[in-house]
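Novice: File structure_37.txt follows (compact mmCIF, C-alpha atoms and all ligand atoms):
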```txt
# COMPACT_ATOMS: atom_id res chain seq x y z
CA MET A 27 97.12 112.71 91.18
CA ASP A 28 98.94 116.00 91.75
CA ALA A 29 101.70 116.47 94.30
CA ASP A 30 99.46 118.11 96.93
CA GLU A 31 96.93 115.29 96.79
CA LEU A 32 99.69 112.70 97.01
CA LEU A 33 101.15 114.41 100.08
CA ALA A 34 97.75 114.82 101.74
CA THR A 35 96.46 111.30 101.18
CA THR A 36 99.41 108.96 101.65
CA ARG A 37 98.01 107.22 104.72
CA ALA A 38 99.26 104.45 106.95
CA VAL A 39 97.40 101.65 105.17
CA ARG A 40 96.58 98.64 107.28
CA ARG A 41 93.01 97.40 106.81
CA ARG A 42 92.91 98.12 103.09
CA LEU A 43 96.02 96.18 102.08
CA ASP A 44 95.03 93.58 99.47
CA PRO A 45 97.20 90.48 99.89
CA SER A 46 95.51 88.73 96.97
CA ARG A 47 97.33 90.76 94.28
CA GLU A 48 101.07 90.18 93.92
CA VAL A 49 103.23 93.32 93.67
CA PRO A 50 105.31 93.21 90.46
CA ILE A 51 109.05 93.49 91.12
CA GLU A 52 109.23 96.23 88.49
CA LEU A 53 107.03 98.48 90.64
CA VAL A 54 109.32 97.93 93.62
CA ARG A 55 112.28 98.95 91.46
CA GLU A 56 110.50 102.11 90.32
CA CYS A 57 109.73 103.11 93.91
CA VAL A 58 113.37 102.59 94.92
CA GLU A 59 114.62 104.55 91.93
CA LEU A 60 112.43 107.52 92.92
CA ALA A 61 113.33 107.15 96.59
CA LEU A 62 116.99 107.55 95.74
CA GLN A 63 116.28 111.06 94.45
CA ALA A 64 115.76 112.16 98.08
CA PRO A 65 118.43 114.24 99.83
CA ALA A 66 121.24 112.37 101.55
CA GLY A 67 123.80 113.68 104.04
CA SER A 68 127.20 114.34 102.41
CA ASN A 69 125.55 113.18 99.18
CA VAL A 70 126.21 109.58 100.16
CA ALA A 71 123.32 107.18 99.55
CA ARG A 72 123.27 105.21 102.80
CA THR A 73 119.69 103.96 102.44
CA ARG A 74 119.33 100.27 101.72
CA PHE A 75 116.05 98.46 101.12
CA VAL A 76 115.68 94.79 101.99
CA VAL A 77 112.69 93.53 99.99
CA ILE A 78 111.35 90.38 101.61
CA ARG A 79 109.17 88.09 99.53
CA ASP A 80 110.30 84.64 100.63
CA PRO A 81 107.24 83.25 102.48
CA ALA A 82 109.28 81.56 105.22
CA VAL A 83 111.32 84.69 105.94
CA ARG A 84 108.40 87.09 105.95
CA THR A 85 106.39 84.74 108.16
CA ALA A 86 109.25 84.68 110.66
CA LEU A 87 109.43 88.47 110.55
CA ALA A 88 105.67 88.87 110.95
CA GLU A 89 105.81 86.52 113.94
CA ILE A 90 108.43 88.69 115.63
CA TYR A 91 106.30 91.78 114.96
CA SER A 92 103.19 90.07 116.36
CA ASP A 93 104.97 88.81 119.42
CA ILE A 94 106.24 92.29 120.35
CA TYR A 95 102.90 93.86 119.47
CA THR A 96 100.69 91.56 121.50
CA ASN A 97 102.99 90.72 124.40
CA SER A 98 104.69 94.08 125.05
CA TYR A 99 103.24 96.95 123.09
CA VAL A 100 99.48 96.66 123.56
CA GLU A 101 99.84 96.81 127.34
CA SER A 102 102.47 99.58 127.30
CA ALA A 103 101.95 103.29 128.00
CA GLY A 104 102.93 104.00 124.40
CA TYR A 105 100.06 101.98 122.83
CA ILE A 106 98.65 104.10 120.03
CA GLY A 107 95.05 103.64 121.19
CA ARG A 108 95.93 104.98 124.64
CA VAL A 109 97.80 108.19 123.77
CA ALA A 110 96.57 111.17 125.83
CA THR A 111 94.34 113.50 123.81
CA ALA A 112 92.87 116.96 124.33
CA ASP A 113 89.22 116.13 123.58
CA ALA A 114 86.72 113.32 123.02
CA ALA A 115 86.84 113.54 119.22
CA SER A 116 90.60 113.06 119.07
CA ALA A 117 90.34 110.29 121.67
CA GLU A 118 87.98 108.46 119.30
CA VAL A 119 90.39 108.96 116.37
CA GLN A 120 93.16 107.57 118.55
CA ARG A 121 91.08 104.52 119.51
CA ARG A 122 90.24 103.94 115.84
CA THR A 123 93.91 104.15 114.93
CA GLY A 124 94.55 101.62 117.68
CA ARG A 125 92.11 99.19 116.06
CA SER A 126 93.81 99.81 112.71
CA ALA A 127 97.23 99.08 114.22
CA ASP A 128 95.78 95.90 115.76
CA ALA A 129 94.60 94.91 112.27
CA LEU A 130 98.08 95.39 110.78
CA GLU A 131 99.51 92.98 113.32
CA ARG A 132 97.18 90.35 111.83
CA ALA A 133 97.53 91.47 108.19
CA LEU A 134 101.32 91.48 108.16
CA HIS A 135 101.33 87.68 108.00
CA GLU A 136 99.45 87.75 104.70
CA VAL A 137 101.20 90.56 102.83
CA GLY A 138 103.49 89.12 100.16
CA THR A 139 106.06 91.94 100.11
CA LEU A 140 107.67 93.53 103.14
CA VAL A 141 110.26 96.27 102.77
CA LEU A 142 112.86 97.09 105.40
CA ALA A 143 114.69 100.41 105.06
CA CYS A 144 118.15 100.48 106.63
CA LEU A 145 120.98 102.90 107.26
CA ASP A 146 124.20 101.37 105.92
CA GLY A 147 127.38 102.51 107.63
CA ALA A 148 126.64 103.05 111.29
CA ARG A 149 124.58 102.05 114.28
CA LEU A 150 123.03 104.87 116.25
CA ASP A 151 123.01 103.24 119.72
CA GLY A 152 124.48 105.83 122.08
CA VAL A 153 125.45 108.16 119.22
CA PRO A 154 125.25 111.92 120.04
CA ALA A 155 122.13 113.71 118.82
CA PHE A 156 123.96 115.70 116.15
CA ALA A 157 125.36 112.60 114.51
CA SER A 158 122.22 110.50 114.92
CA ALA A 159 120.00 113.25 113.44
CA SER A 160 122.39 113.63 110.53
CA LEU A 161 122.66 109.93 109.81
CA LEU A 162 118.98 109.10 110.29
CA GLY A 163 118.21 112.15 108.17
CA GLY A 164 120.01 110.39 105.36
CA VAL A 165 117.49 107.55 105.34
CA LEU A 166 114.12 108.98 106.36
CA PRO A 167 113.51 111.19 103.29
CA ALA A 168 114.26 108.32 100.93
CA THR A 169 112.01 105.99 102.89
CA TRP A 170 109.09 108.42 102.77
CA SER A 171 109.71 109.04 99.07
CA PHE A 172 109.48 105.28 98.56
CA MET A 173 106.07 105.35 100.22
CA LEU A 174 104.87 108.30 98.15
CA ALA A 175 106.02 106.58 94.97
CA ALA A 176 104.17 103.45 96.09
CA ARG A 177 100.96 105.42 96.68
CA ALA A 178 101.25 106.94 93.20
CA ARG A 179 101.23 103.36 91.86
CA GLY A 180 98.19 102.17 93.81
CA LEU A 181 100.31 100.54 96.50
CA GLY A 182 99.80 100.98 100.23
CA THR A 183 102.48 101.19 102.90
CA CYS A 184 102.61 101.68 106.65
CA TRP A 185 105.68 103.01 108.44
CA THR A 186 106.43 100.67 111.36
CA THR A 187 109.22 100.42 113.89
CA MET A 188 107.71 97.80 116.20
CA HIS A 189 110.13 95.02 115.26
CA LEU A 190 113.14 97.17 116.21
CA ALA A 191 112.62 96.07 119.80
CA ARG A 192 114.17 92.81 118.54
CA GLU A 193 116.32 94.29 115.80
CA ARG A 194 119.28 91.97 116.36
CA GLU A 195 117.11 88.89 115.87
CA VAL A 196 115.75 90.33 112.62
CA ALA A 197 119.30 91.15 111.50
CA GLU A 198 120.18 87.48 111.99
CA LEU A 199 117.05 86.36 110.16
CA LEU A 200 117.89 88.54 107.14
CA GLY A 201 121.69 88.26 107.24
CA ILE A 202 122.07 91.99 107.97
CA PRO A 203 125.45 92.94 109.50
CA PHE A 204 124.08 94.31 112.78
CA GLU A 205 127.27 96.13 113.85
CA THR A 206 127.26 98.49 110.86
CA VAL A 207 123.68 98.54 109.60
CA GLN A 208 120.81 100.19 111.49
CA GLN A 209 117.29 99.11 110.60
CA VAL A 210 114.98 102.10 110.40
CA CYS A 211 111.52 101.27 109.09
CA LEU A 212 109.57 98.17 108.10
CA THR A 213 106.60 98.52 105.79
CA PRO A 214 104.16 96.19 104.12
CA LEU A 215 103.83 96.85 100.40
CA ALA A 216 100.58 95.79 98.76
CA PHE A 217 97.95 97.03 96.36
CA THR A 218 95.20 98.81 98.25
CA ARG A 219 91.50 98.03 98.17
CA GLY A 220 90.39 101.17 96.37
CA THR A 221 92.66 104.20 96.00
CA ASP A 222 90.42 106.89 97.49
CA PHE A 223 92.31 107.93 100.60
CA ARG A 224 91.49 111.17 102.39
CA PRO A 225 93.48 113.77 104.29
CA ALA A 226 93.66 112.94 108.02
CA ALA A 227 92.82 115.17 110.99
CA ARG A 228 96.01 117.01 111.86
CA PRO A 229 96.92 119.99 114.04
CA ALA A 230 96.26 123.43 112.55
CA VAL A 231 99.23 125.28 111.07
CA GLU A 232 99.04 127.88 113.87
CA GLU A 233 99.50 125.11 116.44
CA VAL A 234 102.85 123.95 115.10
CA VAL A 235 104.60 126.93 113.53
CA HIS A 236 106.80 129.08 115.75
CA TRP A 237 107.49 132.40 114.03
CA ASP A 238 110.98 133.87 114.43
CA ARG A 239 111.54 132.20 117.81
CA TRP A 240 110.10 129.39 119.95
CA ASP A 241 106.66 130.38 121.24
CA PRO A 242 106.19 129.00 124.77
CA ASP A 243 102.41 129.53 124.54
CA LEU A 244 101.90 126.93 121.83
CA ALA A 245 100.52 123.58 123.03
CA ARG A 246 103.04 120.78 123.27
CA PRO A 247 102.44 117.16 122.25
CA PRO A 248 102.00 114.54 125.00
CA ALA A 249 105.20 113.41 126.70
CA VAL A 250 106.96 110.53 124.99
CA ALA A 251 105.87 107.26 126.55
CA GLY A 252 106.21 103.59 125.88
CA LEU A 253 108.69 101.77 123.70
CA ILE A 254 111.18 104.63 123.46
CA THR A 255 111.81 104.63 127.18
CA GLU A 256 110.77 101.05 127.86
CA PRO A 257 112.18 98.85 125.11
CA ALA A 258 110.50 95.46 124.86
C1 LIG A 301 108.38 106.54 113.35
C2 LIG A 301 107.05 105.87 113.15
C3 LIG A 301 106.83 104.62 113.69
C4 LIG A 301 105.61 103.96 113.49
N1 LIG A 301 105.46 102.69 113.97
C5 LIG A 301 104.30 102.03 113.72
C6 LIG A 301 104.17 100.66 114.08
O1 LIG A 301 105.10 100.05 114.62
N2 LIG A 301 103.00 100.05 113.80
C7 LIG A 301 101.96 100.68 113.16
O2 LIG A 301 100.92 100.06 112.94
N3 LIG A 301 102.08 101.97 112.77
C8 LIG A 301 103.23 102.64 113.02
N4 LIG A 301 103.38 103.94 112.58
C9 LIG A 301 102.31 104.57 111.78
C10 LIG A 301 101.57 105.64 112.56
O3 LIG A 301 100.76 105.04 113.52
C11 LIG A 301 100.76 106.47 111.56
O4 LIG A 301 101.66 107.19 110.77
C12 LIG A 301 99.81 107.41 112.23
O5 LIG A 301 98.81 106.70 112.89
C13 LIG A 301 99.17 108.36 111.24
O6 LIG A 301 98.46 107.63 110.29
P1 LIG A 301 97.88 108.37 109.01
O7 LIG A 301 99.01 109.03 108.33
O8 LIG A 301 97.23 107.32 108.17
O9 LIG A 301 96.91 109.40 109.50
C14 LIG A 301 104.59 104.59 112.75
C15 LIG A 301 104.82 105.86 112.18
C16 LIG A 301 106.04 106.48 112.36
C17 LIG A 301 106.28 107.81 111.69
```
Can you give me the file's structure in the form of structure tokens?
Specialist:
Amino acid sequence: MDADELLATTRAVRRRLDPSREVPIELVRECVELALQAPAGSNVARTRFVVIRDPAVRTALAEIYSDIYTNSYVESAGYIGRVATADAASAEVQRRTGRSADALERALHEVGTLVLACLDGARLDGVPAFASASLLGGVLPATWSFMLAARARGLGTCWTTMHLAREREVAELLGIPFETVQQVCLTPLAFTRGTDFRPAARPAVEEVVHWDRWDPDLARPPAVAGLITEPA
């Protein structure tokens, strides 16, 4: 697979995760090694990966995810299947994505490897935008690189932040020092059923690029709604 195909087809995998095949630890190591090649602010590697394979721990984590998902998220304005769209076709895509997200809530209990990416060194609660963008920016590239490396090895991932609504509880579950470590992204890691993923429908380049200065005529995305303003 060349780089363009990898970038265009690394999907949020939910329904095609195959829990029946165990992920070798060596593959996890390879993905982390590649992830660490990503840029990092001040050239300090602040990304930490908690790889959860203990059945009791991952079950507890999946239960927290499910509880937030079913009891807070699905009814919230931010539910993925309810996001405002411009036309009927994108509304259908959104509803389909909603069904896929619903499926992950069920699948998470069966996936044998969960990976939690964290920022080691600071919490971002109440931190000014400059600092939070800089610090989060130290973790997000590595996390996405991990997912790309996984895809290149036949493994599926799905970026999730749902459990962060109860981040402190998860910190206690995993022994993470909550005061100085910010959890950023939780992903399942599993072989996929088939490896033929396709590019998704995305906005056209002209809709998102502002040349030389901000173009007020370009369409804006829907207003942020849901968990960001109404934490569970
Ligand atoms: C910051 C962020 C948070 C996300 N949180 C969740 C989540 O909690 N649960 C989930 O099922 N998907 C989550 N997603 C995955 C998105 O729904 C997914 O990237 C989107 O639907 C596009 O999917 P695609 O790349 O396969 O087209 C999240 C993605 C991002 C970038």
Novice: Could you list the protein, DNA and RNA residues that have any atom within 6 Å of ligand LIG 301 (chain A), counting all atoms listed in the file, and write them as a PyMOL selection string?
Specialist: chain A and resi 37-38+123+127+130+184-188+226
Novice: Excluding Glu131 in chain A and its own-chain neighbours fewer than 4 positions away, which residues fall within 12 Å of it when counting only C-alpha atoms? Please give them as a ChimeraX atom specification.
Specialist: /A:40-41,85,87-97,99-100,124-127,135-137,184,186,188-189,213-214
Novice: Save out the residues we just selected, C-alpha atoms, as a CSV table (one decimal), in the frame of the given file.
Specialist:
```
chain,number,residue,atom,x,y,z
A,40,ARG,CA,96.6,98.6,107.3
A,41,ARG,CA,93.0,97.4,106.8
A,85,THR,CA,106.4,84.7,108.2
A,87,LEU,CA,109.4,88.5,110.6
A,88,ALA,CA,105.7,88.9,111.0
A,89,GLU,CA,105.8,86.5,113.9
A,90,ILE,CA,108.4,88.7,115.6
A,91,TYR,CA,106.3,91.8,115.0
A,92,SER,CA,103.2,90.1,116.4
A,93,ASP,CA,105.0,88.8,119.4
A,94,ILE,CA,106.2,92.3,120.4
A,95,TYR,CA,102.9,93.9,119.5
A,96,THR,CA,100.7,91.6,121.5
A,97,ASN,CA,103.0,90.7,124.4
A,99,TYR,CA,103.2,97.0,123.1
A,100,VAL,CA,99.5,96.7,123.6
A,124,GLY,CA,94.6,101.6,117.7
A,125,ARG,CA,92.1,99.2,116.1
A,126,SER,CA,93.8,99.8,112.7
A,127,ALA,CA,97.2,99.1,114.2
A,135,HIS,CA,101.3,87.7,108.0
A,136,GLU,CA,99.4,87.8,104.7
A,137,VAL,CA,101.2,90.6,102.8
A,184,CYS,CA,102.6,101.7,106.6
A,186,THR,CA,106.4,100.7,111.4
A,188,MET,CA,107.7,97.8,116.2
A,189,HIS,CA,110.1,95.0,115.3
A,213,THR,CA,106.6,98.5,105.8
A,214,PRO,CA,104.2,96.2,104.1
```
Novice: Identify which of the residues A:Ala103, A:Ala178, A:Leu62, A:Val83 lies closest to Asp28 in chain A, counting all atoms listed in the file when measuring atom-to-atom distances.
Specialist: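 That would be A:Ala178, the residue with the smallest distance to Asp28 in chain A.
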Novice: Just checking: using all atoms listed in the file, which residue out of A:Asp113, A:Glu198, A:Asp30, A:Asp44 ends up closest to Thr139 in chain A?
Specialist: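 Of A:Asp113, A:Glu198, A:Asp30, A:Asp44, the one nearest Thr139 in chain A is A:Asp44, counting all atoms listed in the file.
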Novice: Separation of CA of Thr218 in chain A and CA of Val39 in chain A, in Å?
Specialist: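 Atom-to-atom, CA of Thr218 in chain A to CA of Val39 in chain A, that is 7.8 Å.
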Novice: Considering only C-alpha atoms, can you say which of A:Asp80, A:Ser160, A:Ala112, A:Ile51 comes closest to Ala245 in chain A?
Specialist: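 Using only C-alpha atoms, Ala245 in chain A sits closest to A:Ala112.
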Novice: Between CA of Pro248 in chain A and CA of Val109 in chain A, what is the spacing in Å?
Specialist: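 CA of Val109 in chain A sits 7.7 Å away from CA of Pro248 in chain A.
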Novice: In Å, how far is it from CA of Arg194 in chain A to CA of Val77 in chain A?
Specialist: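 These two atoms are separated by 17.7 Å.
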Novice: Write out as a PyMOL selection string each polymer residue whose atoms come within 10 Å of range 203-209 of chain A, counting all atoms listed in the file; drop sequence neighbours fewer than 2 positions from it.
Specialist: chain A and resi 72-76+142-151+162+165+187+189-190+193-198+200-201+211-212
Novice: If we count only C-alpha atoms, what is near Phe172 in chain A at a cut-off of 8 Å, once residues fewer than 2 positions away on the same chain are taken out, given as a list in words?
Specialist: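 Once the adjacent positions are removed, what remains is Cys57, Val58, Leu60, Ala61, Ala168, Thr169, Trp170, Leu174, Ala175 and Ala176 of chain A.
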Novice: What are the centre and the three edge lengths of an axis-aligned box that wraps all atoms of range 109-126 of chain A in the file, given that 5 Å is added to every side, written as lines of an AutoDock Vina configuration file and rounded to one decimal in Å?
Specialist:
```
center_x = 92.3
center_y = 108.1
center_z = 119.3
size_x = 21.1
size_y = 27.8
size_z = 23.1
```
Novice: With all atoms listed in the file as the basis for distance, which of A:Leu215, A:Ala86, A:Val54, A:Ala159 is at the shortest distance from Leu199 in chain A?
Specialist: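 Checking each of A:Leu215, A:Ala86, A:Val54, A:Ala159 against Leu199 in chain A, counting all atoms listed in the file, the winner is A:Ala86.
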